[in-house]
Amino acid sequence: MSGSKIAKHYTRLLAQWPKDPLRPNLHFDKVLQHRAAQASAGSSNPKAELGQINAAYSLLEDRYMHRNPTSKRLLSPTSNPTYYDDLIAELEQAPKRSWLAGKIEGWKRMIRFT
């Protein structure tokens with residue numbers, strides 16, 4: 001496969017890849033742009049690049065989640081049945097918090113008042 005087709009795959013991945021609200025300072029977009037530039041310049045191994053493109057598409061399409069679904073029993077452990085629901089709620093709220101609010105939440109988790 002030619003370098004231009006590989007670069008097109010990387011640009012398509014770049015357009016579809018979701019933004020990371022938890023780590024806005026780490027840009028996977030830049031990695032994809034760099035790979036596309038290398039592929040268009042012809043300085044990469046096309047076979048290895050296709051394998052990496054396939055891996056990125058499989059992550060983007062959640063192939064492994066659909067192939068190996070997670071059971072309800074696994075998602076609600078008996079010791080803490082709401083653990084994963086609480087984790088998802090925390091991950092959704094974290095980017096919206098200020099630095100001080102994040103520190104206070106961390107202290108609340110360390111010191112539990114029962």
# chains A, B, ... in the order shown; residues from 1 in each chain; ligands from 1
call {"tool": "residues_around", "arguments": {"residues": "A:Lys47", "least_positions_apart": "5", "cutoff": "12 Å", "atoms": "only C-alpha atoms", "output": "VMD selection string"}}
result
chain A and resid 1 to 3 6 39 52 to 54
call {"tool": "closest_residue", "arguments": {"among": "A:Arg73, A:Lys96, A:Arg63, A:Lys30", "to": "A:Ala15", "atoms": "only C-alpha atoms"}}
result
A:Lys30
call {"tool": "residues_around", "arguments": {"residues": "A:Pro95", "least_positions_apart": "6", "cutoff": "12 Å", "atoms": "only C-alpha atoms", "output": "list in words"}}
result
Asp20, Pro21, Leu22, Arg23, Pro24, Ala89, Ala101 and Gly102 of chain A
call {"tool": "residues_around", "arguments": {"residues": "A:Ala36", "least_positions_apart": "4", "cutoff": "7 Å", "atoms": "only C-alpha atoms", "output": "list of chain:residue names"}}
result
A:Ala7, A:Tyr10, A:Thr11, A:Leu32, A:Ser40
call {"tool": "write_last_selection", "arguments": {"atoms": "N, CA, C and O atoms", "output": "PDB file, in the first residue's frame"}}
result
ATOM      1  N   ALA A   7      -1.395   7.558   4.805  1.00  0.00           N
ATOM      2  CA  ALA A   7      -1.615   8.902   5.364  1.00  0.00           C
ATOM      3  C   ALA A   7      -3.102   9.226   5.414  1.00  0.00           C
ATOM      4  O   ALA A   7      -3.578   9.855   6.370  1.00  0.00           O
ATOM      5  N   TYR A  10      -4.567   7.558   8.424  1.00  0.00           N
ATOM      6  CA  TYR A  10      -4.233   8.306   9.634  1.00  0.00           C
ATOM      7  C   TYR A  10      -5.072   9.578   9.752  1.00  0.00           C
ATOM      8  O   TYR A  10      -5.502   9.949  10.830  1.00  0.00           O
ATOM      9  N   THR A  11      -5.342  10.243   8.629  1.00  0.00           N
ATOM     10  CA  THR A  11      -6.170  11.455   8.694  1.00  0.00           C
ATOM     11  C   THR A  11      -7.603  11.096   9.044  1.00  0.00           C
ATOM     12  O   THR A  11      -8.250  11.832   9.800  1.00  0.00           O
ATOM     13  N   LEU A  32      -0.847  11.004  15.735  1.00  0.00           N
ATOM     14  CA  LEU A  32      -1.435  10.595  14.460  1.00  0.00           C
ATOM     15  C   LEU A  32      -0.981  11.504  13.322  1.00  0.00           C
ATOM     16  O   LEU A  32      -0.711  11.031  12.213  1.00  0.00           O
ATOM     17  N   SER A  40       3.388   9.806   4.463  1.00  0.00           N
ATOM     18  CA  SER A  40       3.353  10.507   3.181  1.00  0.00           C
ATOM     19  C   SER A  40       4.757  10.789   2.657  1.00  0.00           C
ATOM     20  O   SER A  40       4.959  10.889   1.448  1.00  0.00           O
TER      21      SER A  40
END
call {"tool": "atom_distance", "arguments": {"atom1": "atom CA of A:Ser76", "atom2": "atom CA of A:Tyr64"}}
result
20.4 Å
call {"tool": "select_by_dssp", "arguments": {"residues": "chain A", "states": "alpha helix (DSSP H)", "output": "PDB file with C-alpha atoms, in the first residue's frame"}}
result
ATOM      1  CA  GLY A   3       2.286   6.099   1.646  1.00  0.00           C
ATOM      2  CA  SER A   4      -0.544   8.399   0.548  1.00  0.00           C
ATOM      3  CA  LYS A   5      -3.179   5.752   1.333  1.00  0.00           C
ATOM      4  CA  ILE A   6      -1.617   5.152   4.746  1.00  0.00           C
ATOM      5  CA  ALA A   7      -1.615   8.902   5.364  1.00  0.00           C
ATOM      6  CA  LYS A   8      -5.324   9.015   4.414  1.00  0.00           C
ATOM      7  CA  HIS A   9      -6.043   6.300   6.971  1.00  0.00           C
ATOM      8  CA  TYR A  10      -4.233   8.306   9.634  1.00  0.00           C
ATOM      9  CA  THR A  11      -6.170  11.455   8.694  1.00  0.00           C
ATOM     10  CA  ARG A  12      -9.449   9.540   8.938  1.00  0.00           C
ATOM     11  CA  LEU A  13      -8.417   8.222  12.347  1.00  0.00           C
ATOM     12  CA  LEU A  14      -7.464  11.729  13.370  1.00  0.00           C
ATOM     13  CA  ALA A  15     -10.904  13.053  12.429  1.00  0.00           C
ATOM     14  CA  GLN A  16     -12.739  10.281  14.294  1.00  0.00           C
ATOM     15  CA  PHE A  28      -2.860  11.713  20.675  1.00  0.00           C
ATOM     16  CA  ASP A  29      -3.781  13.847  17.678  1.00  0.00           C
ATOM     17  CA  LYS A  30      -0.175  14.982  17.377  1.00  0.00           C
ATOM     18  CA  VAL A  31       1.002  11.371  17.269  1.00  0.00           C
ATOM     19  CA  LEU A  32      -1.435  10.595  14.460  1.00  0.00           C
ATOM     20  CA  GLN A  33      -0.387  13.728  12.561  1.00  0.00           C
ATOM     21  CA  HIS A  34       3.275  12.771  12.899  1.00  0.00           C
ATOM     22  CA  ARG A  35       2.531   9.246  11.653  1.00  0.00           C
ATOM     23  CA  ALA A  36       0.622  10.630   8.677  1.00  0.00           C
ATOM     24  CA  ALA A  37       3.533  12.928   7.818  1.00  0.00           C
ATOM     25  CA  GLN A  38       6.000  10.035   8.034  1.00  0.00           C
ATOM     26  CA  ALA A  39       3.799   7.838   5.850  1.00  0.00           C
ATOM     27  CA  SER A  40       3.353  10.507   3.181  1.00  0.00           C
ATOM     28  CA  ALA A  41       7.116  11.094   3.137  1.00  0.00           C
ATOM     29  CA  PRO A  46       3.999   0.009   5.092  1.00  0.00           C
ATOM     30  CA  LYS A  47       3.311  -3.451   6.519  1.00  0.00           C
ATOM     31  CA  ALA A  48       4.010  -2.335  10.084  1.00  0.00           C
ATOM     32  CA  GLU A  49       1.999   0.849   9.561  1.00  0.00           C
ATOM     33  CA  LEU A  50      -1.027  -1.150   8.368  1.00  0.00           C
ATOM     34  CA  GLY A  51      -0.872  -3.273  11.514  1.00  0.00           C
ATOM     35  CA  GLN A  52      -0.826  -0.160  13.664  1.00  0.00           C
ATOM     36  CA  ILE A  53      -3.661   1.412  11.691  1.00  0.00           C
ATOM     37  CA  ASN A  54      -5.707  -1.752  12.147  1.00  0.00           C
ATOM     38  CA  ALA A  55      -5.027  -1.677  15.907  1.00  0.00           C
ATOM     39  CA  ALA A  56      -6.113   1.966  16.113  1.00  0.00           C
ATOM     40  CA  TYR A  57      -9.315   1.235  14.177  1.00  0.00           C
ATOM     41  CA  SER A  58     -10.076  -1.710  16.449  1.00  0.00           C
ATOM     42  CA  LEU A  59      -9.782   0.558  19.491  1.00  0.00           C
ATOM     43  CA  LEU A  60     -11.874   3.247  17.844  1.00  0.00           C
ATOM     44  CA  ARG A  63     -14.131  -4.352  18.557  1.00  0.00           C
ATOM     45  CA  TYR A  64     -12.892  -6.078  21.695  1.00  0.00           C
ATOM     46  CA  MET A  65     -15.775  -4.846  23.820  1.00  0.00           C
ATOM     47  CA  HIS A  66     -18.255  -6.272  21.301  1.00  0.00           C
ATOM     48  CA  ARG A  67     -16.332  -9.510  20.862  1.00  0.00           C
ATOM     49  CA  LYS A  72     -23.397  -7.718  34.803  1.00  0.00           C
ATOM     50  CA  ARG A  73     -21.991  -9.821  37.627  1.00  0.00           C
ATOM     51  CA  LEU A  74     -18.475  -8.617  36.912  1.00  0.00           C
ATOM     52  CA  LEU A  75     -19.599  -4.983  36.805  1.00  0.00           C
ATOM     53  CA  TYR A  83     -18.190   0.873  42.365  1.00  0.00           C
ATOM     54  CA  TYR A  84     -18.137   1.151  38.567  1.00  0.00           C
ATOM     55  CA  ASP A  85     -21.174   3.456  38.450  1.00  0.00           C
ATOM     56  CA  ASP A  86     -19.463   5.737  40.970  1.00  0.00           C
ATOM     57  CA  LEU A  87     -16.234   5.585  38.974  1.00  0.00           C
ATOM     58  CA  ILE A  88     -17.990   6.621  35.756  1.00  0.00           C
ATOM     59  CA  ALA A  89     -19.744   9.482  37.567  1.00  0.00           C
ATOM     60  CA  GLU A  90     -16.397  10.621  39.001  1.00  0.00           C
ATOM     61  CA  LEU A  91     -14.737  10.510  35.572  1.00  0.00           C
ATOM     62  CA  GLU A  92     -17.543  12.580  34.069  1.00  0.00           C
ATOM     63  CA  GLN A  93     -17.341  15.208  36.837  1.00  0.00           C
ATOM     64  CA  TRP A  99      -8.111  22.598  40.954  1.00  0.00           C
ATOM     65  CA  LEU A 100      -9.231  23.333  44.536  1.00  0.00           C
ATOM     66  CA  ALA A 101     -12.424  21.309  44.196  1.00  0.00           C
ATOM     67  CA  GLY A 102     -10.344  18.390  42.910  1.00  0.00           C
ATOM     68  CA  LYS A 103      -8.019  18.601  45.909  1.00  0.00           C
ATOM     69  CA  ILE A 104     -10.968  18.737  48.326  1.00  0.00           C
ATOM     70  CA  GLU A 105     -12.507  15.648  46.672  1.00  0.00           C
ATOM     71  CA  GLY A 106      -9.176  13.846  47.040  1.00  0.00           C
ATOM     72  CA  TRP A 107      -9.000  14.744  50.723  1.00  0.00           C
ATOM     73  CA  LYS A 108     -12.575  13.548  51.218  1.00  0.00           C
ATOM     74  CA  ARG A 109     -11.646  10.177  49.776  1.00  0.00           C
ATOM     75  CA  MET A 110      -8.572   9.916  52.001  1.00  0.00           C
TER      76      MET A 110
END
